[in-house]
Amino acid sequence: MSIFDLENDNQSVKRKSLEHYGISKQRYMQLKDYIQSGRYDSIASQAAHTANKDIAEYLILSVTQNKSYDALRVKWELKEMERIPYCRTDFYGIRRYFYSLFDKELRRIGK
């Protein structure tokens, strides 16, 4: 069973830190490298959709292109994309949850 088969409760993830999920700064940097390499795109996509299907595309943009919430908001203001339907705090909480899902799946496959 994959971690992507689990249900989530978005309300409980919004204020949790990476440390809460057991992700050190070093591991976070490693996860970013894995994502930005493009080698684990399908896992990243699954993790984004599991974390929150409503903002999965924004999560992917944020983590693959190293874009902040504010950089994405500028794209919306320039009418280059739709508005993110969450505030900054919620977005980053869900993004941290995304990283925890991505980390768990990579650990499951031995990375």
# chains A, B, ... in the order shown; residues from 1 in each chain; ligands from 1

$ residues_around --residues "stretch 74-82 of chain A" --least-positions-apart "3" --cutoff "12 Å" --atoms "only C-alpha atoms" --output "list in words"
Asp54, Ile55, Glu57, Tyr58, Leu61, Ser62, Lys67, Ser68, Tyr69, Asp70, Ala71, Pro85 and Tyr86 of chain A

$ residues_around --residues "A:Ser37" --least-positions-apart "5" --cutoff "10 Å" --atoms "only C-alpha atoms" --output "number ranges by chain"
A: 31-32, 64

$ closest_residue --among "A:Arg108, A:His49, A:Arg73, A:Arg96" --to "A:Tyr21" --atoms "only C-alpha atoms"
A:Arg96

$ atom_distance --atom1 "atom CA of A:Asp103" --atom2 "atom CA of A:Lys25"
12.7 Å

$ residues_around --residues "A:Ile35" --least-positions-apart "6" --cutoff "8 Å" --atoms "only C-alpha atoms" --output "MDAnalysis selection string"
chainID A and resid 41 44 63:64

$ write_last_selection --atoms "N, CA, C and O atoms" --output "CSV table (one decimal), in the first residue's frame"
chain,number,residue,atom,x,y,z
A,41,ASP,N,9.2,12.9,-10.7
A,41,ASP,CA,8.0,13.7,-11.0
A,41,ASP,C,6.7,13.0,-10.7
A,41,ASP,O,5.8,13.7,-10.2
A,44,ALA,N,6.2,13.1,-7.0
A,44,ALA,CA,5.9,14.5,-6.5
A,44,ALA,C,4.4,14.9,-6.9
A,44,ALA,O,3.7,15.5,-6.1
A,63,VAL,N,7.5,23.9,-5.8
A,63,VAL,CA,8.6,23.1,-5.4
A,63,VAL,C,9.5,22.8,-6.6
A,63,VAL,O,10.7,22.7,-6.4
A,64,THR,N,9.0,22.7,-7.8
A,64,THR,CA,9.9,22.3,-9.0
A,64,THR,C,10.7,23.6,-9.5
A,64,THR,O,11.8,23.4,-9.9

$ residues_around --residues "A:Lys111" --least-positions-apart "5" --cutoff "12 Å" --atoms "only C-alpha atoms" --output "list in words"
Arg27, Gln30, Leu31, Tyr34, Tyr40, Phe102, Asp103, Lys104, Glu105 and Leu106 of chain A

$ write_last_selection --atoms "all heavy atoms" --output "short mmCIF file (atom, residue, chain, number, x, y, z; two decimals), in the first residue's frame"
data_model
loop_
_atom_site.label_atom_id
_atom_site.label_comp_id
_atom_site.auth_asym_id
_atom_site.auth_seq_id
_atom_site.Cartn_x
_atom_site.Cartn_y
_atom_site.Cartn_z
N ARG A 27 17.66 16.89 5.21
CA ARG A 27 16.74 16.05 4.44
C ARG A 27 15.86 16.90 3.52
O ARG A 27 15.59 16.54 2.38
CB ARG A 27 15.88 15.19 5.37
CG ARG A 27 14.88 14.29 4.67
CD ARG A 27 15.54 13.25 3.78
NE ARG A 27 14.54 12.35 3.21
CZ ARG A 27 14.78 11.47 2.27
NH1 ARG A 27 15.99 11.33 1.79
NH2 ARG A 27 13.81 10.69 1.82
N GLN A 30 17.76 17.73 0.52
CA GLN A 30 17.85 16.54 -0.31
C GLN A 30 16.54 16.31 -1.08
O GLN A 30 16.56 16.01 -2.27
CB GLN A 30 18.17 15.33 0.57
CG GLN A 30 18.48 14.06 -0.16
CD GLN A 30 18.84 12.94 0.79
OE1 GLN A 30 18.20 12.78 1.84
NE2 GLN A 30 19.85 12.18 0.44
N LEU A 31 15.41 16.49 -0.40
CA LEU A 31 14.11 16.33 -1.05
C LEU A 31 13.94 17.35 -2.17
O LEU A 31 13.43 17.03 -3.25
CB LEU A 31 12.98 16.46 -0.03
CG LEU A 31 12.89 15.36 1.02
CD1 LEU A 31 11.86 15.72 2.08
CD2 LEU A 31 12.60 14.01 0.39
N TYR A 34 15.89 16.17 -5.11
CA TYR A 34 15.19 15.07 -5.79
C TYR A 34 14.07 15.61 -6.67
O TYR A 34 13.91 15.19 -7.82
CB TYR A 34 14.59 14.10 -4.78
CG TYR A 34 15.56 13.15 -4.12
CD1 TYR A 34 15.36 12.74 -2.82
CD2 TYR A 34 16.67 12.64 -4.79
CE1 TYR A 34 16.22 11.85 -2.19
CE2 TYR A 34 17.54 11.76 -4.17
CZ TYR A 34 17.31 11.36 -2.87
OH TYR A 34 18.16 10.48 -2.28
N TYR A 40 11.78 12.20 -10.02
CA TYR A 40 10.67 11.68 -9.22
C TYR A 40 9.38 12.48 -9.45
O TYR A 40 8.59 12.66 -8.54
CB TYR A 40 11.06 11.69 -7.74
CG TYR A 40 12.28 10.85 -7.47
CD1 TYR A 40 13.54 11.44 -7.36
CD2 TYR A 40 12.19 9.47 -7.36
CE1 TYR A 40 14.67 10.66 -7.14
CE2 TYR A 40 13.31 8.69 -7.13
CZ TYR A 40 14.55 9.29 -7.03
OH TYR A 40 15.66 8.52 -6.82
N PHE A 102 6.01 13.17 0.26
CA PHE A 102 7.07 12.87 -0.70
C PHE A 102 8.21 12.11 0.00
O PHE A 102 8.70 11.10 -0.51
CB PHE A 102 7.57 14.18 -1.33
CG PHE A 102 8.60 14.00 -2.40
CD1 PHE A 102 8.24 13.49 -3.64
CD2 PHE A 102 9.91 14.38 -2.20
CE1 PHE A 102 9.19 13.33 -4.65
CE2 PHE A 102 10.86 14.23 -3.19
CZ PHE A 102 10.50 13.71 -4.42
N ASP A 103 8.58 12.59 1.19
CA ASP A 103 9.64 11.95 1.97
C ASP A 103 9.26 10.51 2.33
O ASP A 103 10.05 9.58 2.17
CB ASP A 103 9.89 12.76 3.24
CG ASP A 103 10.95 12.14 4.14
OD1 ASP A 103 12.06 11.82 3.64
OD2 ASP A 103 10.69 11.98 5.33
N LYS A 104 8.03 10.30 2.81
CA LYS A 104 7.59 8.96 3.20
C LYS A 104 7.62 8.00 2.02
O LYS A 104 8.04 6.85 2.16
CB LYS A 104 6.18 9.01 3.79
CG LYS A 104 6.12 9.55 5.18
CD LYS A 104 4.69 9.61 5.68
CE LYS A 104 4.64 10.33 7.01
NZ LYS A 104 3.26 10.55 7.45
N GLU A 105 7.18 8.46 0.86
CA GLU A 105 7.17 7.59 -0.30
C GLU A 105 8.59 7.27 -0.76
O GLU A 105 8.90 6.13 -1.13
CB GLU A 105 6.36 8.19 -1.46
CG GLU A 105 6.15 7.28 -2.61
CD GLU A 105 5.34 6.01 -2.31
OE1 GLU A 105 4.75 5.90 -1.23
OE2 GLU A 105 5.31 5.13 -3.19
N LEU A 106 9.48 8.26 -0.73
CA LEU A 106 10.87 7.99 -1.10
C LEU A 106 11.51 7.00 -0.14
O LEU A 106 12.24 6.10 -0.55
CB LEU A 106 11.69 9.27 -1.16
CG LEU A 106 11.45 10.19 -2.37
CD1 LEU A 106 12.39 11.37 -2.32
CD2 LEU A 106 11.62 9.44 -3.67
#

$ select_by_dssp --residues "chain A" --states "helix (DSSP H, G or I)" --output "ChimeraX atom specification"
/A:3-5,10-13,25-37,41-51,53-64,69-77,88-108

$ atom_distance --atom1 "atom CA of A:Ser24" --atom2 "atom CA of A:Gln36"
18.2 Å

$ closest_residue --among "A:Ile43, A:Ala56, A:Gln65, A:Lys16" --to "A:Ile109" --atoms "only C-alpha atoms"
A:Ile43

$ closest_residue --among "A:Arg15, A:Gln26, A:Phe91, A:Tyr99" --to "A:Leu72" --atoms "only C-alpha atoms"
A:Phe91
